[in-house]
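**Student:** My structure is in entry-v9.txt, and what it holds is compact mmCIF, C-alpha atoms:
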```txt
# COMPACT_ATOMS: atom_id res chain seq x y z
CA MET A 14 35.29 5.17 2.87
CA ALA A 15 35.76 8.91 3.15
CA ALA A 16 33.52 11.44 1.48
CA PRO A 17 35.10 12.93 -1.65
CA CYS A 18 36.82 16.29 -1.28
CA ARG A 19 35.91 18.72 -4.01
CA ARG A 20 36.48 22.39 -4.75
CA SER A 21 33.38 24.48 -4.30
CA GLY A 22 32.31 27.14 -6.76
CA GLY A 23 34.01 28.02 -9.98
CA GLY A 24 37.63 28.94 -9.26
CA GLY A 25 37.12 30.14 -5.64
CA LEU A 26 39.79 32.09 -3.80
CA TRP A 27 42.62 30.30 -2.03
CA ALA A 28 41.73 32.09 1.20
CA ALA A 29 38.34 30.40 1.19
CA LEU A 30 39.60 27.11 -0.22
CA VAL A 31 42.51 26.43 2.11
CA PRO A 32 40.62 26.06 5.45
CA ALA A 33 38.06 23.74 3.84
CA ALA A 34 40.81 21.80 2.09
CA VAL A 35 42.74 21.34 5.34
CA LEU A 36 39.70 19.87 7.08
CA CYS A 37 38.71 17.71 4.13
CA LEU A 38 42.21 16.36 3.50
CA ALA A 39 42.83 15.73 7.20
CA ALA A 40 39.54 13.82 7.50
CA ARG A 41 40.33 11.72 4.42
CA ALA A 42 43.88 11.01 5.52
CA ALA A 43 42.75 9.90 9.00
CA GLU A 44 40.58 7.21 7.39
CA GLU A 45 43.09 6.08 4.78
CA PRO A 46 46.58 4.58 4.75
CA GLY A 47 48.28 8.02 4.73
CA THR A 48 48.55 7.92 8.55
CA ALA A 49 51.76 6.72 10.18
CA HIS A 50 52.80 6.62 13.85
CA PHE A 51 56.32 7.45 14.98
CA ASP A 52 58.18 8.29 18.18
CA VAL A 53 59.50 11.79 18.81
CA ARG A 54 62.64 11.15 20.82
CA PRO A 55 64.38 13.55 23.20
CA GLY A 56 68.14 13.62 23.68
CA GLY A 57 69.17 16.61 21.59
CA GLU A 58 69.96 14.66 18.40
CA VAL A 59 68.40 15.62 15.08
CA HIS A 60 65.84 13.04 13.88
CA SER A 61 63.66 12.85 10.76
CA PHE A 62 60.49 11.02 9.76
CA SER A 63 59.19 10.91 6.16
CA ARG A 64 56.17 9.67 4.25
CA SER A 65 55.46 9.65 0.51
CA LEU A 66 52.32 9.42 -1.56
CA GLY A 67 52.85 9.16 -5.31
CA ASP A 68 54.95 12.13 -6.46
CA TYR A 69 54.66 13.94 -3.11
CA SER A 70 56.50 13.58 0.18
CA CYS A 71 56.70 15.20 3.59
CA THR A 72 59.66 15.07 5.97
CA PHE A 73 59.55 16.22 9.60
CA THR A 74 62.98 16.96 11.11
CA TYR A 75 63.43 17.99 14.74
CA SER A 76 65.59 18.03 17.84
CA ALA A 77 64.02 17.80 21.30
CA GLN A 78 65.07 17.61 24.95
CA GLY A 79 63.53 16.33 28.20
CA GLY A 80 61.11 13.60 29.17
CA THR A 81 60.69 10.33 27.32
CA ASN A 82 59.59 9.31 23.83
CA GLU A 83 56.19 10.57 22.71
CA GLN A 84 54.04 8.91 20.06
CA TRP A 85 53.19 11.28 17.22
CA GLU A 86 51.39 10.86 13.89
CA MET A 87 52.01 12.03 10.36
CA ASN A 88 49.10 12.26 7.98
CA ILE A 89 49.52 12.88 4.26
CA GLY A 90 46.87 13.11 1.57
CA VAL A 91 46.04 14.36 -1.90
CA SER A 92 42.73 15.96 -2.83
CA GLU A 93 40.42 14.05 -5.17
CA ASP A 94 41.16 16.52 -7.98
CA ASN A 95 44.93 16.14 -7.32
CA LEU A 96 45.35 19.91 -6.85
CA LEU A 97 46.34 19.89 -3.16
CA PHE A 98 48.74 17.85 -1.06
CA SER A 99 48.49 17.98 2.73
CA CYS A 100 50.86 17.00 5.49
CA SER A 101 49.98 17.11 9.18
CA VAL A 102 52.28 16.16 12.04
CA TRP A 103 50.94 16.12 15.59
CA ARG A 104 50.80 14.56 19.02
CA PRO A 105 47.32 12.98 19.33
CA GLN A 106 47.33 13.41 23.13
CA GLY A 107 47.36 17.18 22.65
CA LYS A 108 50.28 18.91 24.32
CA SER A 109 53.86 17.76 23.95
CA TYR A 110 55.97 17.92 27.08
CA LEU A 111 59.21 17.92 25.13
CA PHE A 112 61.36 21.00 24.70
CA PHE A 113 61.91 21.40 20.92
CA THR A 114 65.18 23.10 20.05
CA GLN A 115 64.37 23.04 16.32
CA PHE A 116 61.82 21.77 13.81
CA LYS A 117 61.32 21.76 10.06
CA ALA A 118 58.71 20.16 7.83
CA GLU A 119 59.58 19.91 4.14
CA VAL A 120 57.32 18.95 1.25
CA LYS A 121 58.53 17.75 -2.15
CA GLY A 122 56.51 17.77 -5.35
CA ALA A 123 54.27 20.70 -4.34
CA LYS A 124 54.50 24.34 -3.18
CA ILE A 125 53.20 25.34 0.25
CA GLU A 126 50.16 27.62 0.13
CA HIS A 127 49.19 27.54 3.81
CA ALA A 128 50.87 26.32 6.99
CA MET A 129 50.23 26.61 10.70
CA ALA A 130 52.15 25.46 13.76
CA TYR A 131 50.64 24.90 17.21
CA SER A 132 52.02 24.69 20.74
CA GLN A 133 49.00 22.55 21.72
CA ALA A 134 46.87 20.24 19.56
CA ALA A 135 43.16 19.84 20.19
CA ALA A 136 42.51 16.87 22.49
CA GLY A 137 40.46 16.06 25.57
CA GLY A 138 38.24 19.11 25.28
CA GLN A 139 41.21 21.45 24.72
CA SER A 140 41.54 23.56 21.58
CA ASP A 141 44.47 24.04 19.21
CA VAL A 142 46.78 26.80 20.44
CA PRO A 143 48.64 28.36 17.50
CA LEU A 144 52.22 29.54 17.72
CA LYS A 145 52.70 33.26 17.27
CA GLN A 146 53.43 34.10 13.63
CA GLU A 147 56.94 35.30 14.51
CA GLU A 148 57.87 31.88 16.01
CA PHE A 149 57.99 30.07 12.68
CA GLU A 150 58.63 30.78 9.01
CA MET A 151 57.38 29.38 5.74
CA THR A 152 58.99 29.08 2.31
CA GLU A 153 57.62 27.42 -0.84
CA THR A 154 58.70 24.01 0.47
CA THR A 155 59.37 24.28 4.22
CA VAL A 156 57.90 25.34 7.54
CA SER A 157 60.46 25.74 10.31
CA HIS A 158 61.20 27.34 13.66
CA ARG A 159 62.49 30.90 13.62
CA GLU A 160 65.81 31.12 15.45
CA GLY A 161 65.60 33.35 18.52
CA LYS A 162 61.79 33.68 18.34
CA PHE A 163 60.56 30.06 18.70
CA ARG A 164 59.55 29.32 22.32
CA PHE A 165 60.40 25.60 22.17
CA GLU A 166 56.78 24.32 22.27
CA LEU A 167 55.39 22.28 19.38
CA SER A 168 52.49 19.83 19.28
CA LYS A 169 51.13 20.12 15.72
CA LEU A 170 52.03 21.28 12.20
CA MET A 171 49.58 21.50 9.31
CA ILE A 172 50.59 22.15 5.70
CA VAL A 173 48.55 22.48 2.52
CA ALA A 174 50.54 22.64 -0.71
CA LYS A 175 49.46 23.25 -4.29
CA THR A 176 50.46 20.50 -6.67
CA PRO A 177 51.78 21.30 -10.16
CA HIS A 178 49.24 20.73 -12.89
CA ASP A 179 48.77 21.70 -16.52
CA GLU A 180 46.03 24.15 -17.38
CA LEU A 181 43.76 22.91 -20.14
```
Output the file's structure in the form of structure tokens.

**Tutor:**
Amino acid sequence: MAAPCRRSGGGGLWAALVPAAVLCLAARAAEEPGTAHFDVRPGGEVHSFSRSLGDYSCTFTYSAQGGTNEQWEMNIGVSEDNLLFSCSVWRPQGKSYLFFTQFKAEVKGAKIEHAMAYSQAAAGGQSDVPLKQEEFEMTETTVSHREGKFRFELSKLMIVAKTPHDEL
């Protein structure tokens, strides 16, 4: 069983909360049923993979070229206090050898507070290599490639979204 994820302090800043929340939610999701495996398939066609957890969902849509199928994972989770929803999509082996012509991750039921995309995921002693900020864009519900700026490399996406809740 995973350790509970809790907010620290009394009303801390999102800038401090988000990195801790990403790590906590990712650790919880890796140990719980929110993890699903799927194949990223080349061939130039647009494909999608989705997962839902309660009122929240995450859909990864992409088109890729070259090579053969790669096994990827999608991890979704909700914080113990139900204030954050996370969605991570990545290739566990680290670097993808596919040439991505487009990608988009969309969340429903929550608004994105923080997102990051990587050309290489940490694996085998290698570190995450983030995309340059100009290569992707974020809205309240999506993270996607930026036409003309994206360099066709993707190995990991991480999203943390704030769930709607009533103030007492």

**Student:** Let me make sure I understand: among A:Tyr131, A:Gln146, A:Ser92, A:Thr114, which one has the smallest atom-to-atom distance to Glu160 of chain A if we use all atoms listed in the file?

**Tutor:**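 Counting all atoms listed in the file, the residue closest to Glu160 of chain A is A:Thr114.
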
**Student:** Could you tell me which of A:Glu153, A:Asp94, A:Glu148, A:Asp141 comes closest to Lys121 of chain A if we count only C-alpha atoms?

**Tutor:** A:Glu153

**Student:** Take the point (47.3, 28.7, 18.5) as written in the file and pick out every residue within 12 Å of it, counting all atoms listed in the file; give the list as a count of residues only.

**Tutor:** 23

**Student:** Could you please determine the separation between atom CA of Val91 of chain A and atom CA of Ser109 of chain A in Å, to one decimal place?

**Tutor:**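 Interatomic distance, atom CA of Val91 of chain A to atom CA of Ser109 of chain A: 27.2 Å.
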
**Student:** Using Å and a single decimal, report how far atom CA of Ala128 of chain A sits from atom CA of Pro177 of chain A.

**Tutor:**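 According to the coordinates, atom CA of Pro177 of chain A and atom CA of Ala128 of chain A are separated by 17.9 Å.
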
**Student:** Could you pull the residues within 7 Å of Glu126 of chain A, counting all atoms listed in the file, minus those fewer than 5 positions along the same chain, as JSON, numbers by chain?

**Tutor:** {"A": [173, 174, 175]}

**Student:** Using all atoms listed in the file for the distances, tell me which of A:Met151, A:Val102, A:Ile125, A:Val156 is nearest to Ile89 of chain A.

**Tutor:** A:Val102

**Student:** So how many Å separate atom CA of Lys162 of chain A and atom CA of Thr74 of chain A, to one decimal?

**Tutor:** 18.3 Å

**Student:** Considering only C-alpha atoms, state which residue in the set A:Trp103, A:Phe98, A:Trp85, A:Tyr75 is at the smallest distance from Val120 of chain A.

**Tutor:** A:Phe98

**Student:** Counting all atoms listed in the file, find the residues whose atoms lie at most 7 Å from (61.3, 9.5, 26.6) (file coordinates) and write them out as JSON, numbers by chain.

**Tutor:** {"A": [54, 55, 80, 81, 82, 83]}

**Student:** Have a look at A:Thr154, A:Thr176, A:Gln106, A:Ser99 and name the one nearest to Gly47 of chain A; count all atoms listed in the file.

**Tutor:** A:Ser99

**Student:** Please list as a ChimeraX atom specification every residue within 6 Å of Asn88 of chain A, counting only C-alpha atoms and excluding residues in the same chain fewer than 4 positions away.

**Tutor:** /A:42,47-48,100-101

**Student:** Taking 3 positions as the minimum chain separation for residues in the same chain, which residues sit within 7 Å of Leu111 of chain A when counting all atoms listed in the file? Answer as a VMD selection string.

**Tutor:** chain A and resid 77 to 80
